[in-house]
Amino acid sequence: MQLTYGITLFTSLLTLGVHGLMPPRIPSKPIPGDSPIEKCDLMSPQALDIHQVDLVPNPPMRDSELTIKASAFLASEVIEGSYIDVEVRLGYIKLLTQRFDLCDLLDQQDEENEMRCPVKQGEQTLHTTVKIPREVPVGKYTFVARGYTQDDVLLTCLTGNFMFYQNTLS
């Protein structure tokens, strides 16, 4: 009786873990280049066709600068009111679910990146550098980011996994 109860409890917890706690696996397709970033929502039309994404260094490192270079074709103009919905997890823990104003994000980029709103239809390139703080906890991060126009048209869906390791002394 106690063994049956233990097995039932174990399988119930395992089922809860598999179906309730683990982040869902989103069907995706790798984007050419040197990065772990993939395109998701593959069956949905997307206004941004990403040709390539390169990260330097890849994988990103804590307490260092990350340079992002990307090229794409934009089929719809991006104007004020466009936004990005982002979800970030550390392992199974959801760290962030937030909506960001796309034009505000572009305005905050460094001078290397000349992309600002409105972003016209056509070929686009992005070249920017961001600082990754040393306080970023070690672990596996998973993200999903969906960008939309001001009219809620899907620009793109991106997903990926990053592993931040403990930096070692040289």
# chains A, B, ... in the order shown; residues from 1 in each chain; ligands from 1
call {"tool": "residues_around", "arguments": {"residues": "range 50-60 of chain A", "least_positions_apart": "2", "cutoff": "12 Å", "atoms": "only C-alpha atoms", "output": "VMD selection string"}}
result
chain A and resid 29 to 40 46 to 48 62 to 75 122 to 134 136 138 140 to 141 155 to 158 160 to 167
call {"tool": "select_by_dssp", "arguments": {"residues": "range 70-156 of chain A", "states": "alpha helix (DSSP H)", "output": "MDAnalysis selection string"}}
result
chainID A and resid 102:107
call {"tool": "atom_distance", "arguments": {"atom1": "CA of Arg89 in chain A", "atom2": "CA of Ser28 in chain A"}}
result
17.2 Å
call {"tool": "closest_residue", "arguments": {"among": "A:Met61, A:Ile84, A:Leu42, A:Gly91", "to": "Val153 in chain A", "atoms": "only C-alpha atoms"}}
result
A:Ile84
call {"tool": "atom_distance", "arguments": {"atom1": "CA of Asp151 in chain A", "atom2": "CA of Glu87 in chain A"}}
result
21.1 Å
